[in-house]
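Here's input36.txt, which has compact mmCIF, C-alpha atoms:
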```txt
# COMPACT_ATOMS: atom_id res chain seq x y z
CA ARG A 1 117.84 158.81 75.62
CA GLU A 2 114.18 158.40 76.58
CA LEU A 3 112.76 154.96 75.82
CA PRO A 4 109.31 154.34 74.32
CA ALA A 5 106.27 153.94 76.56
CA GLU A 6 105.26 150.59 78.02
CA ARG A 7 102.15 148.80 79.27
CA HIS A 8 101.92 146.05 81.88
CA ASN A 9 99.13 143.46 81.95
CA VAL A 10 98.29 140.79 84.52
CA VAL A 11 96.33 137.78 83.28
CA GLU A 12 94.73 135.81 86.11
CA PHE A 13 93.79 132.15 86.09
CA LYS A 14 91.96 129.90 88.53
CA ALA A 15 94.05 128.00 91.05
CA PRO A 16 94.72 124.34 90.14
CA SER A 17 92.09 121.97 91.53
CA TYR A 18 94.66 119.97 93.54
CA TYR A 19 96.42 123.06 94.96
CA LYS A 20 94.73 123.25 98.40
CA THR A 21 94.96 119.49 98.84
CA ALA A 22 98.69 119.59 98.18
CA ILE A 23 99.15 122.26 100.87
CA LYS A 24 97.00 120.40 103.38
CA THR A 25 98.44 116.92 102.85
CA ARG A 26 102.01 117.82 101.73
CA MET A 27 101.53 115.10 99.14
CA LYS A 28 101.77 115.06 95.35
CA GLU A 29 98.95 113.69 93.25
CA ASP A 30 100.92 110.48 92.70
CA GLY A 31 101.16 109.93 96.47
CA GLU A 32 104.75 111.08 96.96
CA ILE A 33 105.29 112.88 100.28
CA ILE A 34 106.74 116.41 100.15
CA ASP A 35 108.97 116.76 103.20
CA THR A 36 110.56 120.19 102.75
CA THR A 37 109.30 123.75 102.30
CA MET A 38 111.41 124.10 99.17
CA GLY A 39 109.92 120.94 97.72
CA LEU A 40 106.39 122.12 98.50
CA CYS A 41 107.01 125.53 96.93
CA HIS A 42 108.39 124.01 93.75
CA TYR A 43 105.55 121.52 93.46
CA LEU A 44 102.91 124.21 93.98
CA ARG A 45 104.58 126.38 91.36
CA GLN A 46 104.62 123.52 88.88
CA LEU A 47 100.92 122.95 89.51
CA CYS A 48 100.31 126.60 88.58
CA PHE A 49 101.30 125.97 84.96
CA THR A 50 97.72 124.91 84.33
CA LYS A 51 95.92 123.87 81.16
CA ASP A 52 94.22 127.28 81.21
CA LYS A 53 97.59 129.05 81.16
CA GLN A 54 98.75 126.82 78.33
CA GLU A 55 95.55 127.49 76.37
CA TRP A 56 96.08 131.24 76.84
CA VAL A 57 99.60 130.94 75.42
CA LYS A 58 98.25 129.00 72.43
CA ASP A 59 95.59 131.63 71.68
CA PHE A 60 98.09 134.44 72.29
CA LEU A 61 100.56 133.02 69.79
CA GLU A 62 97.91 132.33 67.17
CA ASN A 63 96.75 135.95 67.30
CA LEU A 64 100.00 137.82 68.04
CA GLY A 65 101.19 138.41 64.49
CA ASP A 66 104.65 139.38 65.75
CA ASN A 67 107.60 137.97 67.71
CA CYS A 68 107.74 137.75 71.51
CA VAL A 69 110.01 136.64 74.36
CA PHE A 70 108.75 134.30 77.11
CA PHE A 71 110.47 133.84 80.48
CA CYS A 72 110.07 130.60 82.47
CA ASN A 73 111.39 129.15 85.73
CA TYR A 74 111.19 125.45 84.88
CA ILE A 75 112.55 123.36 82.03
CA GLU A 76 109.21 121.51 81.96
CA GLU A 77 107.47 124.82 81.29
CA GLU A 78 109.91 125.53 78.47
CA ASP A 79 109.37 122.09 76.94
CA THR A 80 105.59 122.50 76.99
CA LEU A 81 105.78 126.07 75.71
CA CYS A 82 107.97 124.99 72.79
CA GLU A 83 105.53 122.24 71.86
CA ILE A 84 102.60 124.66 71.99
CA ALA A 85 104.52 127.17 69.87
CA LYS A 86 105.39 124.65 67.17
CA LYS A 87 101.69 123.96 66.68
CA ALA A 88 100.40 127.52 67.09
CA LEU A 89 102.94 129.55 65.10
CA PRO A 90 102.75 130.04 61.33
CA LYS A 91 104.70 127.63 59.15
CA GLY A 92 108.39 128.51 59.07
CA ALA A 93 108.41 130.41 62.37
CA ARG A 94 111.26 129.49 64.69
CA VAL A 95 111.44 128.95 68.45
CA TRP A 96 114.72 130.28 69.90
CA ARG A 97 115.56 128.70 73.24
CA ILE A 98 117.91 129.99 75.95
CA ASP A 99 118.64 127.86 79.02
CA GLY A 100 121.37 125.67 80.46
CA SER A 101 121.27 123.31 77.47
CA HIS A 102 120.35 125.74 74.70
CA HIS A 103 121.95 129.03 73.77
CA GLU A 104 120.10 130.10 70.63
CA ILE A 105 120.27 133.89 70.64
CA PRO A 106 118.63 135.80 67.79
CA THR A 107 119.69 139.17 66.45
CA ALA A 108 117.74 141.87 64.67
CA ASP A 109 118.92 140.32 61.39
CA THR A 110 118.10 136.69 62.19
CA ILE A 111 114.82 136.99 64.11
CA GLY A 112 111.75 136.15 62.04
CA LYS A 113 108.54 138.15 62.11
CA TYR A 114 106.64 135.38 63.92
CA ASP A 115 109.54 133.83 65.87
CA ILE A 116 109.49 133.57 69.65
CA VAL A 117 112.24 133.35 72.25
CA VAL A 118 111.78 131.01 75.22
CA ALA A 119 114.24 131.88 77.98
CA HIS A 120 114.95 130.54 81.46
CA TYR A 121 115.38 133.32 84.04
CA ALA A 122 118.73 131.89 85.14
CA SER A 123 120.16 131.90 81.61
CA GLY A 124 118.42 134.75 79.82
CA GLY A 125 117.77 137.20 82.64
CA GLU A 126 121.00 139.14 82.11
CA ALA A 127 123.34 140.24 79.31
CA LEU A 128 120.80 139.47 76.59
CA ASN A 129 119.96 142.16 74.04
CA LEU A 130 116.46 141.85 72.59
CA GLN A 131 115.73 145.52 71.98
CA PHE A 132 114.44 144.58 68.51
CA MET A 133 111.48 142.82 70.20
CA HIS A 134 108.73 144.58 72.15
CA TYR A 135 106.42 141.86 73.50
CA TRP A 136 107.37 140.09 76.75
CA VAL A 137 105.56 137.38 78.78
CA SER A 138 106.32 135.98 82.25
CA VAL A 139 104.94 132.44 82.26
CA SER A 140 105.84 132.13 85.95
CA PRO A 141 107.46 134.60 88.38
CA ASN A 142 111.04 134.48 89.57
CA TYR A 143 111.88 134.77 93.30
CA SER A 144 114.55 137.43 92.75
CA PHE A 145 113.53 141.07 92.32
CA SER A 146 116.80 141.99 90.59
CA THR A 147 116.60 139.03 88.19
CA SER A 148 112.99 139.92 87.38
CA VAL A 149 113.92 143.52 86.62
CA GLN A 150 116.86 142.37 84.50
CA ALA A 151 114.62 139.97 82.58
CA ARG A 152 112.12 142.72 81.75
CA GLY A 153 115.05 144.85 80.70
CA ARG A 154 115.97 142.47 77.88
CA ILE A 155 113.59 144.38 75.61
CA LYS A 156 113.82 147.71 77.44
CA ARG A 157 117.22 148.77 76.19
CA ILE A 158 118.83 151.58 74.24
CA GLY A 159 117.85 150.98 70.64
CA GLN A 160 114.25 150.03 71.45
CA THR A 161 111.92 152.01 69.20
CA HIS A 162 108.59 150.25 69.77
CA PHE A 163 105.90 150.58 72.42
CA MET A 164 106.63 147.75 74.90
CA VAL A 165 103.95 145.40 76.19
CA TYR A 166 104.44 143.09 79.20
CA TRP A 167 102.22 140.25 80.44
CA GLN A 168 102.38 138.42 83.77
CA LEU A 169 100.51 135.12 83.92
CA LYS A 170 99.27 134.45 87.45
CA SER A 171 97.26 131.66 89.05
CA SER A 172 95.17 133.52 91.63
CA GLY A 173 94.88 132.23 95.17
CA THR A 174 98.26 130.52 94.94
CA ILE A 175 101.89 131.06 95.86
CA GLU A 176 102.22 133.12 92.68
CA ASP A 177 100.14 135.88 94.31
CA ARG A 178 102.69 136.23 97.10
CA ILE A 179 105.69 136.08 94.77
CA TYR A 180 104.32 138.86 92.56
CA GLU A 181 103.47 140.91 95.67
CA CYS A 182 107.08 140.65 96.85
CA LEU A 183 108.40 141.67 93.44
CA LYS A 184 106.01 144.63 93.33
CA GLU A 185 107.34 145.66 96.75
CA LYS A 186 110.86 145.45 95.28
CA HIS A 187 112.22 142.61 97.36
CA ASP A 188 112.87 138.90 96.95
CA PHE A 189 110.42 136.15 97.77
CA SER A 190 111.43 133.94 100.71
CA GLU A 191 110.17 130.36 100.89
CA LYS A 192 110.81 130.32 104.64
CA THR A 193 108.77 133.48 105.25
CA TRP A 194 105.97 132.21 103.04
CA GLN A 195 105.81 128.96 104.97
CA ALA A 196 105.58 130.90 108.23
CA GLU A 197 102.75 133.00 106.81
CA LEU A 198 100.98 129.88 105.61
CA ASP A 199 101.23 128.29 109.05
CA GLY A 200 99.97 131.46 110.75
CA ILE A 201 103.19 131.89 112.70
CA THR A 202 103.72 135.49 111.57
```

So that I can check it, write out the structure of this file as structure tokens.
Amino acid sequence: RELPAERHNVVEFKAPSYYKTAIKTRMKEDGEIIDTTMGLCHYLRQLCFTKDKQEWVKDFLENLGDNCVFFCNYIEEEDTLCEIAKKALPKGARVWRIDGSHHEIPTADTIGKYDIVVAHYASGGEALNLQFMHYWVSVSPNYSFSTSVQARGRIKRIGQTHFMVYWQLKSSGTIEDRIYECLKEKHDFSEKTWQAELDGIT
């Protein structure tokens, strides 16, 4: 059966002010040294969840008038997103959370008109049926192409009857650019390859 049409949007934000300094010094703002590529990648990605991104989410929720699913990579992002939602959503709206510690899965009968679902890619990226929702937001990209496709597919399933709208939130001039490029090219992002590119080795 043919599914409804869909639209994809990319919302770009300025890079965090400390971003270039972190790359150059391999040091966090509190002075802690970052001694691995993995550690640097994770810190840079955490920096990308900027106040501007958070303000966009707040405005988005206040004006949405419907329910929506958000996908995150970090528990800290989920925590902040849940706090924003509690303040921005209409009274009585619920935040459903799906991650390693929460498994609150709505159904078509239990989801409220203004409810949102906040899901971690590792927990909600597969085997989750949200075809009764049609708005989807990536707060931060996932390294895995297959996981990313599966996550988008949570609303793009048999039974979906609405026009589907997707948003990707991206801090321009950061590691998120490269991750989204890899996903667009249909392959996984590699921290090792990115580090080599950053150092001008390849």

### Query
Within 7 Å of range 161-165 of chain A, counting all atoms listed in the file, which residues qualify if same-chain residues fewer than 3 places away don't, as a count of residues only?
8

### Query
With all atoms listed in the file as the basis for distance, which of A:Leu183, A:Cys41, A:Met133, A:Ala119 is at the shortest distance from Asp99 in chain A?
A:Ala119

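If you measure from each of A:Cys182, A:Met27, A:Ala85, A:Ala196 to Lys58 in chain A using all atoms listed in the file, the closest one turns out to be A:Ala85.
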
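Proximity of A:Glu12, A:Glu32, A:Asp199, A:Glu2 to Gly173 in chain A, computed with all atoms listed in the file, is greatest for A:Glu12.
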
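Excluding His120 in chain A itself and same-chain residues fewer than 6 positions from it, the residues having an atom within 7 Å of it are Phe71, Cys72, Asn73, Ile98 and Asp99 of chain A, counting all atoms listed in the file.
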
### Message
Please compute the CA of Val149 in chain A-CA of Glu197 in chain A distance, one decimal, in Å.
### Response
25.4 Å

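Rounded to one decimal, CA of Thr110 in chain A and CA of Arg94 in chain A lie 10.2 Å from each other.
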
### Task
Would you mind listing what lies within 9 Å of Leu61 in chain A as a ChimeraX atom specification, with only C-alpha atoms counted and same-chain residues fewer than 5 positions away left out?
/A:56,66-68,84-85,88-89,114,116

For C-alpha atoms, I'd like the residues from the last selection saved as a short mmCIF file (atom, residue, chain, number, x, y, z; two decimals), keeping the file's coordinate frame.
```cif
data_model
loop_
_atom_site.label_atom_id
_atom_site.label_comp_id
_atom_site.auth_asym_id
_atom_site.auth_seq_id
_atom_site.Cartn_x
_atom_site.Cartn_y
_atom_site.Cartn_z
CA TRP A 56 96.08 131.24 76.84
CA ASP A 66 104.65 139.38 65.75
CA ASN A 67 107.60 137.97 67.71
CA CYS A 68 107.74 137.75 71.51
CA ILE A 84 102.60 124.66 71.99
CA ALA A 85 104.52 127.17 69.87
CA ALA A 88 100.40 127.52 67.09
CA LEU A 89 102.94 129.55 65.10
CA TYR A 114 106.64 135.38 63.92
CA ILE A 116 109.49 133.57 69.65
#
```

### Task
Name the residues within 7 Å of (107.1, 129.9, 86.5), counting all atoms listed in the file in the file's coordinates, and put them as a PyMOL selection string.
chain A and resi 45+72-74+139-142

#### Entry: Length of the CA of Asp52 in chain A to CA of Phe13 in chain A vector [Å]
6.9 Å

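Closest approach to Leu81 in chain A among A:Glu104, A:Ser138, A:Thr37, A:Tyr43: A:Ser138, based on all atoms listed in the file.
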